[in-house]
>>> print(open('structure.txt').read())   # compact mmCIF, C-alpha atoms
# COMPACT_ATOMS: atom_id res chain seq x y z
CA MET A 1 64.00 -32.70 27.50
CA ILE A 2 62.40 -32.58 24.08
CA ARG A 3 58.61 -32.71 24.08
CA MET A 4 57.05 -34.52 21.12
CA ARG A 5 53.97 -32.91 19.57
CA ASN A 6 50.93 -35.11 19.86
CA SER A 7 48.30 -35.48 17.20
CA SER A 8 45.90 -33.09 18.94
CA ASP A 9 48.54 -30.30 18.90
CA GLN A 10 49.10 -30.84 15.20
CA SER A 11 45.37 -30.89 14.58
CA ASP A 12 44.89 -27.58 16.45
CA ARG A 13 47.72 -25.94 14.49
CA SER A 14 46.24 -27.21 11.26
CA GLN A 15 42.82 -25.85 12.16
CA ASN A 16 44.30 -22.46 13.13
CA LEU A 17 46.23 -22.28 9.87
CA LYS A 18 43.11 -23.06 7.90
CA ALA A 19 41.19 -20.36 9.76
CA VAL A 20 43.86 -17.75 9.04
CA THR A 21 44.23 -18.66 5.36
CA GLY A 22 40.46 -18.82 5.05
CA THR A 23 40.24 -15.25 6.33
CA LEU A 24 43.09 -13.93 4.18
CA ARG A 25 42.13 -15.69 0.95
CA PRO A 26 39.14 -13.47 0.01
CA ILE A 27 41.10 -10.32 0.89
CA PHE A 28 44.07 -11.54 -1.18
CA PHE A 29 41.97 -12.29 -4.24
CA LYS A 30 40.07 -9.00 -3.94
CA LEU A 31 43.37 -7.15 -3.67
CA VAL A 32 44.88 -8.94 -6.67
CA GLY A 33 41.70 -8.29 -8.64
CA SER A 34 41.76 -4.62 -7.68
CA VAL A 35 45.39 -4.20 -8.71
CA ALA A 36 44.57 -5.87 -12.02
CA ILE A 37 41.66 -3.46 -12.51
CA MET A 38 43.95 -0.53 -11.68
CA LEU A 39 46.48 -1.61 -14.28
CA LEU A 40 43.78 -2.34 -16.84
CA LEU A 41 42.11 1.01 -16.34
CA SER A 42 45.43 2.84 -16.42
CA ALA A 43 46.11 1.34 -19.83
CA CYS A 44 42.92 3.02 -21.05
CA VAL A 45 43.89 6.44 -19.67
CA ALA A 46 45.42 9.02 -21.98
CA ILE A 47 49.14 9.75 -21.67
CA ARG A 48 49.74 11.93 -18.62
CA PRO A 49 50.86 15.52 -19.18
CA THR A 50 54.58 16.19 -18.94
CA THR A 51 56.14 19.28 -17.39
CA THR A 52 56.08 20.98 -20.81
CA VAL A 53 52.45 21.99 -20.12
CA LEU A 54 53.81 24.32 -17.42
CA HIS A 55 55.77 26.35 -19.98
CA PRO A 56 53.95 29.56 -20.95
CA SER A 57 52.57 29.64 -24.47
CA LYS A 58 52.70 32.71 -26.71
CA VAL A 59 49.17 32.12 -28.01
CA ILE A 60 46.58 34.86 -27.63
CA SER A 61 43.46 33.76 -25.76
CA THR A 62 40.05 35.41 -25.78
CA HIS A 63 38.65 32.86 -23.32
CA GLN A 64 38.34 32.93 -19.53
CA VAL A 65 41.67 33.34 -17.75
CA VAL A 66 42.13 32.23 -14.13
CA GLU A 67 44.97 33.06 -11.77
CA ILE A 68 46.35 30.20 -9.68
CA LEU A 69 48.86 30.69 -6.89
CA THR A 70 50.91 27.71 -5.78
CA ALA A 71 52.96 26.68 -2.77
CA THR A 72 54.82 23.38 -2.97
CA ASN A 73 57.38 21.43 -1.01
CA ARG A 74 58.33 19.43 -4.10
CA ALA A 75 61.87 19.78 -5.39
CA LEU A 76 62.36 21.67 -8.66
CA THR A 77 63.60 19.70 -11.68
CA THR A 78 65.91 20.83 -14.46
CA ASP A 79 63.08 20.84 -17.02
CA GLY A 80 61.06 23.42 -15.10
CA GLY A 81 58.78 20.97 -13.33
CA PHE A 82 58.54 19.49 -9.85
CA SER A 83 59.52 16.02 -8.71
CA ALA A 84 58.27 13.50 -6.16
CA VAL A 85 61.18 14.46 -3.88
CA ARG A 86 60.49 16.65 -0.85
CA SER A 87 62.38 19.92 -0.82
CA GLY A 88 63.62 21.55 2.36
CA THR A 89 61.91 24.82 1.41
CA LEU A 90 58.59 25.96 -0.02
CA THR A 91 58.45 27.24 -3.61
CA TYR A 92 55.81 29.79 -4.61
CA GLU A 93 54.50 30.56 -8.10
CA LEU A 94 51.76 32.47 -9.91
CA TYR A 95 50.11 31.16 -13.09
CA GLU A 96 47.64 32.62 -15.57
CA ILE A 97 45.77 29.80 -17.30
CA SER A 98 43.37 30.10 -20.23
CA VAL A 99 40.26 27.94 -19.91
CA PRO A 100 38.35 26.97 -23.07
CA ALA A 101 34.66 27.83 -23.19
CA GLY A 102 32.05 25.18 -22.43
CA VAL A 103 34.34 22.78 -20.57
CA HIS A 104 32.51 21.58 -17.46
CA SER A 105 33.94 18.09 -17.13
CA THR A 106 36.36 16.20 -14.95
CA GLU A 107 38.34 15.38 -18.09
CA ILE A 108 40.89 18.16 -18.58
CA PRO A 109 42.06 18.80 -22.18
CA PHE A 110 45.78 19.35 -21.68
CA PRO A 111 47.70 21.27 -24.34
CA LYS A 112 49.54 19.33 -27.03
CA SER A 113 52.65 20.31 -28.97
CA SER A 114 50.64 23.16 -30.50
CA PRO A 115 48.42 24.59 -27.72
CA ASP A 116 44.99 25.73 -28.88
CA PRO A 117 43.13 27.93 -26.35
CA THR A 118 39.81 27.09 -28.00
CA SER A 119 40.13 23.45 -26.90
CA HIS A 120 42.98 23.23 -24.36
CA PHE A 121 43.81 24.59 -20.94
CA VAL A 122 46.90 26.70 -21.68
CA VAL A 123 49.43 28.38 -19.36
CA LEU A 124 49.76 31.98 -20.55
CA SER A 125 52.19 33.18 -17.89
CA ARG A 126 54.21 31.75 -15.03
CA LYS A 127 56.05 33.74 -12.40
CA SER A 128 58.29 32.60 -9.57
CA LEU A 129 57.57 34.33 -6.23
CA ASP A 130 59.29 34.64 -2.90
CA GLN A 131 57.16 34.39 0.26
CA GLU A 132 56.66 38.13 0.53
CA GLN A 133 55.46 38.36 -3.08
CA PHE A 134 53.18 35.37 -2.46
CA VAL A 135 51.61 37.12 0.54
CA THR A 136 51.14 40.31 -1.49
CA ALA A 137 49.48 38.43 -4.35
CA VAL A 138 47.06 36.55 -2.07
CA SER A 139 46.21 39.71 -0.14
CA ARG A 140 45.55 41.66 -3.35
CA LYS A 141 43.22 38.98 -4.69
CA SER A 142 41.29 38.56 -1.42
CA ILE A 143 40.45 42.21 -0.69
CA ALA A 144 37.09 42.12 -2.49
CA THR A 145 35.76 38.91 -0.93
CA GLY A 146 37.76 38.57 2.29
CA SER A 147 38.20 34.89 1.46
CA ALA A 148 40.65 32.51 -0.17
CA ALA A 149 40.60 28.83 -1.14
CA LEU A 150 43.51 26.44 -0.59
CA TYR A 151 43.38 23.12 -2.48
CA VAL A 152 45.37 20.04 -1.48
CA HIS A 153 45.48 17.27 -4.10
CA GLY A 154 45.38 13.54 -3.50
CA TYR A 155 47.29 10.35 -4.23
CA ASN A 156 48.82 9.64 -7.65
CA GLN A 157 48.97 13.27 -8.77
CA THR A 158 51.70 15.23 -10.52
CA TYR A 159 52.17 18.92 -9.87
CA GLN A 160 50.81 19.86 -13.30
CA GLU A 161 47.74 17.63 -12.96
CA ALA A 162 46.85 19.22 -9.62
CA LEU A 163 47.46 22.72 -11.03
CA PHE A 164 45.14 22.23 -14.02
CA ARG A 165 42.50 20.54 -11.85
CA LEU A 166 42.38 23.60 -9.62
CA ALA A 167 42.19 25.82 -12.70
CA GLN A 168 39.14 23.84 -13.88
CA VAL A 169 37.40 23.97 -10.50
CA SER A 170 38.21 27.66 -10.09
CA ALA A 171 36.84 28.52 -13.53
CA ASP A 172 33.65 26.47 -13.07
CA SER A 173 32.87 27.59 -9.51
CA ASN A 174 33.67 31.27 -10.10
CA LEU A 175 33.76 31.93 -6.36
CA GLY A 176 36.10 34.91 -6.51
CA GLY A 177 39.07 35.36 -4.23
CA PRO A 178 42.45 33.70 -4.76
CA ALA A 179 42.71 30.00 -5.63
CA ILE A 180 45.84 28.46 -4.12
CA LEU A 181 47.35 25.03 -4.68
CA PHE A 182 49.41 23.22 -2.07
CA SER A 183 51.21 20.41 -3.86
CA TRP A 184 53.00 17.73 -1.85
CA PRO A 185 55.45 15.22 -3.41
CA SER A 186 53.13 12.45 -4.57
CA ASP A 187 54.94 9.59 -6.28
CA ALA A 188 52.30 9.89 -9.03
CA THR A 189 52.14 6.17 -9.74
CA LEU A 190 49.20 3.80 -9.32
CA LEU A 191 51.23 1.44 -7.15
CA GLY A 192 52.77 4.21 -5.04
CA TYR A 193 49.98 4.26 -2.46
CA VAL A 194 52.12 3.58 0.60
CA ALA A 195 54.84 5.97 -0.61
CA ASP A 196 52.20 8.68 -1.04
CA ARG A 197 50.81 8.13 2.44
CA ASP A 198 54.30 8.62 3.86
CA ALA A 199 54.90 11.70 1.67
CA SER A 200 51.64 13.28 2.77
CA LEU A 201 52.46 12.82 6.44
CA ALA A 202 55.93 14.25 5.87
CA SER A 203 54.25 17.34 4.36
CA ARG A 204 52.08 18.12 7.36
CA ASP A 205 54.35 20.82 8.83
CA ASP A 206 54.68 22.54 5.45
CA LEU A 207 50.92 22.64 4.95
CA VAL A 208 50.45 24.03 8.46
CA ASP A 209 52.94 26.79 7.62
CA VAL A 210 51.00 27.71 4.47
CA ILE A 211 47.67 27.75 6.35
CA ARG A 212 49.17 29.95 9.06
CA THR A 213 50.63 32.34 6.49
CA ILE A 214 47.38 32.78 4.56
CA SER A 215 45.06 32.95 7.56
CA GLY A 216 47.30 35.59 9.12
CA MET A 217 46.87 38.02 6.21
CA THR A 218 44.86 41.13 7.06
CA PRO A 219 42.19 40.85 4.31
CA ILE A 220 41.47 37.16 5.01
CA ARG A 221 38.35 36.57 7.06
CA GLN A 222 37.79 33.00 5.85
CA LEU A 223 40.14 30.43 4.35
CA ILE A 224 38.58 27.38 2.74
CA VAL A 225 40.98 24.43 2.97
CA ALA A 226 39.84 21.70 0.58
CA GLY A 227 41.50 18.30 0.44
CA HIS A 228 40.79 15.67 -2.21
CA SER A 229 41.31 11.97 -1.52
CA MET A 230 44.59 11.50 0.40
CA GLY A 231 44.80 15.29 0.48
CA GLY A 232 41.80 15.16 2.82
CA PHE A 233 43.82 13.01 5.22
CA LEU A 234 46.65 15.57 5.07
CA VAL A 235 44.22 18.46 5.67
CA MET A 236 42.77 16.77 8.75
CA GLU A 237 46.25 16.02 10.10
CA ALA A 238 47.27 19.66 9.61
CA THR A 239 44.08 20.87 11.30
CA ARG A 240 44.71 18.49 14.18
CA GLN A 241 48.24 19.89 14.55
CA ILE A 242 46.91 23.47 14.60
CA LYS A 243 44.42 22.44 17.27
CA LEU A 244 47.15 20.82 19.38
CA ALA A 245 49.10 24.09 19.17
CA ASN A 246 45.94 25.86 20.43
CA GLU A 247 46.02 28.36 17.55
CA ARG A 248 42.47 29.61 17.97
CA ALA A 249 42.93 32.58 15.66
CA VAL A 250 43.81 30.22 12.79
CA LEU A 251 41.01 27.73 13.50
CA ASP A 252 38.42 30.50 13.66
CA LYS A 253 39.22 31.48 10.07
CA ILE A 254 39.36 28.10 8.32
CA GLY A 255 36.56 26.03 6.84
CA ILE A 256 37.34 22.42 5.92
CA VAL A 257 36.08 20.66 2.79
CA LEU A 258 36.94 16.97 2.32
CA ALA A 259 36.23 15.66 -1.18
CA ALA A 260 36.25 11.85 -1.41
CA PRO A 261 38.49 11.67 1.68
CA ASP A 262 40.82 8.68 1.79
CA ILE A 263 40.67 8.29 5.55
CA ASP A 264 40.02 5.25 7.74
CA PRO A 265 36.77 5.86 9.73
CA GLU A 266 38.48 5.07 13.05
CA VAL A 267 41.33 7.45 12.25
CA PHE A 268 38.79 10.09 11.27
CA LYS A 269 36.91 9.68 14.56
CA THR A 270 40.19 10.19 16.41
CA GLN A 271 40.95 13.32 14.37
CA LEU A 272 37.45 14.71 14.96
CA SER A 273 37.58 13.99 18.69
CA LEU A 274 40.56 16.32 18.98
CA VAL A 275 39.61 18.96 16.39
CA GLY A 276 36.05 19.15 17.71
CA ARG A 277 33.11 20.88 16.07
CA MET A 278 33.97 23.64 13.65
CA ASN A 279 32.04 26.67 12.45
CA PRO A 280 31.22 26.23 9.63
CA PRO A 281 31.01 22.44 10.07
CA ILE A 282 33.43 20.23 8.17
CA LEU A 283 31.92 19.41 4.76
CA ILE A 284 32.51 15.83 3.53
CA MET A 285 31.66 14.88 -0.07
CA VAL A 286 31.10 11.13 -0.48
CA SER A 287 30.18 8.65 -3.21
CA ARG A 288 29.21 5.00 -2.78
CA GLU A 289 30.53 4.22 -6.27
CA ASP A 290 34.05 5.60 -5.80
CA ARG A 291 36.25 2.82 -7.23
CA ALA A 292 39.52 4.48 -6.26
CA LEU A 293 38.52 4.53 -2.59
CA GLU A 294 37.33 0.95 -2.82
CA ILE A 295 40.82 -0.04 -3.97
CA ALA A 296 42.41 2.21 -1.33
CA GLY A 297 40.43 0.34 1.32
CA LEU A 298 41.81 -2.97 0.11
CA LEU A 299 45.36 -1.60 0.02
CA SER A 300 44.79 -0.53 3.64
CA GLY A 301 43.92 -4.02 4.83
CA ASP A 302 40.33 -4.22 3.64
CA ARG A 303 39.34 -1.14 5.65
CA PRO A 304 36.53 1.17 4.45
CA ARG A 305 37.18 4.83 3.62
CA VAL A 306 35.22 7.86 4.80
CA GLY A 307 34.67 8.99 1.19
CA ARG A 308 32.44 5.95 0.52
CA LEU A 309 30.05 6.41 3.45
CA ASP A 310 26.46 5.36 2.86
CA VAL A 311 24.30 8.25 4.06
CA SER A 312 21.23 6.00 4.25
CA ASP A 313 22.89 3.88 6.97
CA PRO A 314 21.36 4.79 10.38
CA ARG A 315 24.73 4.21 12.03
CA VAL A 316 26.38 6.74 9.74
CA GLN A 317 23.55 9.21 10.37
CA ALA A 318 23.99 8.87 14.13
CA VAL A 319 27.77 9.45 13.93
CA VAL A 320 27.30 12.47 11.66
CA GLN A 321 24.89 14.12 14.06
CA GLU A 322 27.15 13.40 17.02
CA ALA A 323 30.26 14.72 15.26
CA GLY A 324 28.57 17.86 13.96
CA VAL A 325 29.78 17.52 10.37
CA LEU A 326 27.95 17.97 7.07
CA VAL A 327 28.00 15.01 4.67
CA LEU A 328 27.01 15.51 1.02
CA ASP A 329 26.40 12.40 -1.08
CA ILE A 330 27.41 13.15 -4.69
CA THR A 331 27.06 9.59 -6.03
CA SER A 332 24.72 10.81 -8.78
CA ALA A 333 27.20 13.44 -10.01
CA GLN A 334 28.60 10.91 -12.52
CA PRO A 335 32.24 12.01 -12.84
CA GLY A 336 33.91 11.30 -16.16
CA ASP A 337 37.00 9.54 -14.77
CA LEU A 338 37.15 5.74 -14.88
CA PHE A 339 37.67 5.44 -11.13
CA LYS A 340 34.65 7.70 -10.38
CA HIS A 341 36.87 9.57 -7.95
CA ASP A 342 36.59 13.14 -9.25
CA GLY A 343 32.91 13.82 -8.62
CA PHE A 344 33.75 16.96 -6.65
CA ALA A 345 35.17 18.53 -9.83
CA SER A 346 31.99 17.87 -11.81
CA MET A 347 30.04 19.58 -9.00
CA ALA A 348 32.06 22.81 -9.17
CA THR A 349 29.55 24.81 -11.22
CA PHE A 350 26.60 23.74 -9.05
CA LEU A 351 28.37 24.38 -5.75
CA GLY A 352 29.70 27.73 -6.95
CA ARG A 353 26.20 28.84 -7.93
CA LEU A 354 24.79 27.66 -4.62
CA ALA A 355 27.51 29.44 -2.66
CA SER A 356 26.86 32.65 -4.59
CA ASP A 357 23.12 32.44 -3.93
CA ARG A 358 23.72 32.06 -0.21
CA GLY A 359 26.45 34.66 -0.01
CA THR A 360 28.96 32.37 1.68
CA ALA A 361 32.35 31.06 0.64
CA VAL A 362 31.45 27.60 1.97
CA PRO A 363 28.43 26.23 0.09
CA PHE A 364 25.37 25.61 2.30
CA ALA A 365 27.70 24.74 5.20
CA THR A 366 25.91 26.54 8.01
CA ARG A 367 24.57 23.46 9.79
CA SER A 368 25.55 19.83 10.23
CA GLY A 369 23.65 16.86 8.85
CA LEU A 370 23.29 14.84 5.64
CA LEU A 371 22.33 15.88 2.13
CA VAL A 372 22.14 14.11 -1.23
CA TYR A 373 22.76 15.69 -4.62
CA ASP A 374 19.95 14.76 -7.02
CA SER A 375 21.43 15.10 -10.52
CA THR A 376 18.07 14.67 -12.27
CA ARG A 377 16.76 17.87 -10.67
CA SER A 378 20.12 19.54 -9.94
CA MET A 379 19.19 20.11 -6.31
CA LEU A 380 19.96 18.92 -2.79
CA VAL A 381 17.56 16.65 -0.91
CA SER A 382 17.58 14.71 2.35
CA PRO A 383 18.52 10.99 2.37
CA SER A 384 14.95 10.09 3.37
CA ARG A 385 13.55 11.80 0.26
CA VAL A 386 15.95 9.83 -1.92
CA ASP A 387 14.92 6.56 -0.28
CA ALA A 388 11.25 7.38 -0.86
CA GLN A 389 11.66 7.79 -4.62
>>> encode(input="structure.txt", output="structure tokens")
Amino acid sequence: MIRMRNSSDQSDRSQNLKAVTGTLRPIFFKLVGSVAIMLLLSACVAIRPTTTVLHPSKVISTHQVVEILTATNRALTTDGGFSAVRSGTLTYELYEISVPAGVHSTEIPFPKSSPDPTSHFVVLSRKSLDQEQFVTAVSRKSIATGSAALYVHGYNQTYQEALFRLAQVSADSNLGGPAILFSWPSDATLLGYVADRDASLASRDDLVDVIRTISGMTPIRQLIVAGHSMGGFLVMEATRQIKLANERAVLDKIGIVLAAPDIDPEVFKTQLSLVGRMNPPILIMVSREDRALEIAGLLSGDRPRVGRLDVSDPRVQAVVQEAGVLVLDITSAQPGDLFKHDGFASMATFLGRLASDRGTAVPFATRSGLLVYDSTRSMLVSPSRVDAQ
């Protein structure tokens, strides 16, 4: 028997449909607006560096030269670069990169057709390594300090962009010890957000292997694992996996730094509940003006991201104290990129100086809590002191 819908049924369905569309409409328009902003801003960005910047130049440099070791699960390409395809094996390399004097900016001057070491970052040498040679190189560089730093890049990054970013941060921070890049196969496109999230998760085992390898080296007493943006999500997932495997010897050596982490707060709480408190505490660098994370939140269903936490919010303060992490607000750092997403890079000189003063590889990360970087005085203050100004 067929039941005819009465007018009240139709009215209820109509009201429900209006409620749903009313909820989705503002999210839809915000998302469309954000995508439009992404495309508009990308049109203003300089042409991205090709793999030719990885080719060693024969120029002679009298400027600072930094060594960068790399481990990547990207597949090699025929032009000497790395693709967005995941390889079944890890590839290791060693670079010497010349850094021009006086460059302390998030904007990296990539070499042109005629590299000039006075104004460009220039690759002077590049060497392919096997795993044993990689271990030897890291061990040799870490003997003096007993520490190493492993950097994991974020969404929309090519291999060469991540490499030169680490060279800039390494040169500006001057922490000593080896600087190591782990590069996962980002799609390196503005609209490849979902593809990048999948690629980062697929890279978790490879990152865990690299962390295990480095932390197991005899000279290493502390390994700083720093993740930027979506790289922060990957770092936390790798740490969670190490915790699940009950690898206490590895966990005791690593210190976690999350710069503008692209992580859902609920996901982060779940990760923290398993990982637990760490010594030193996990350091989280946040900015309320991070446009990239604002867009990432919309692409994730209008969900906020940990990297945009407001340290003046009492609820955030309560969670931070309970979780035993250290949150540093770097909103005033004023990064040079249009998305205001690279503030951690503009802080490299300050954090390196602070770490040197305190004699620790992890800047000021001996206790949990909240701090704010005051750019006008180049110092750290409490959130309450900022509010009082």
>>> closest_residue(input="structure.txt", among="A:Ile284, A:Ala202, A:Val66, A:Val306", to="Asp172 in chain A", atoms="all atoms listed in the file")
A:Val66
>>> residues_around(input="structure.txt", residues="Leu69 in chain A", least_positions_apart="2", cutoff="9 Å", atoms="all atoms listed in the file", output="list in words")
Glu67, Ala71, Tyr92, Glu93, Leu94, Tyr95, Glu96, Phe134, Ala137, Val138, Pro178, Ala179, Ile180, Leu181 and Phe182 of chain A
>>> closest_residue(input="structure.txt", among="A:Glu322, A:Glu294, A:Asp209, A:Glu247", to="Arg277 in chain A", atoms="all atoms listed in the file")
A:Glu322
>>> residues_near_point(input="structure.txt", point="(42.2, 23.1, -9.7)", cutoff="9 Å", atoms="all atoms listed in the file", output="ChimeraX atom specification")
/A:68,151,153,161-171,179-181,345
>>> closest_residue(input="structure.txt", among="A:Leu299, A:Ala84, A:Leu175, A:Ala101", to="Ala188 in chain A", atoms="all atoms listed in the file")
A:Ala84
>>> atom_distance(input="structure.txt", atom1="CA of His63 in chain A", atom2="CA of Pro100 in chain A")
5.9 Å
>>> closest_residue(input="structure.txt", among="A:His55, A:Arg248, A:Arg308, A:Lys243", to="Pro261 in chain A", atoms="all atoms listed in the file")
A:Arg308
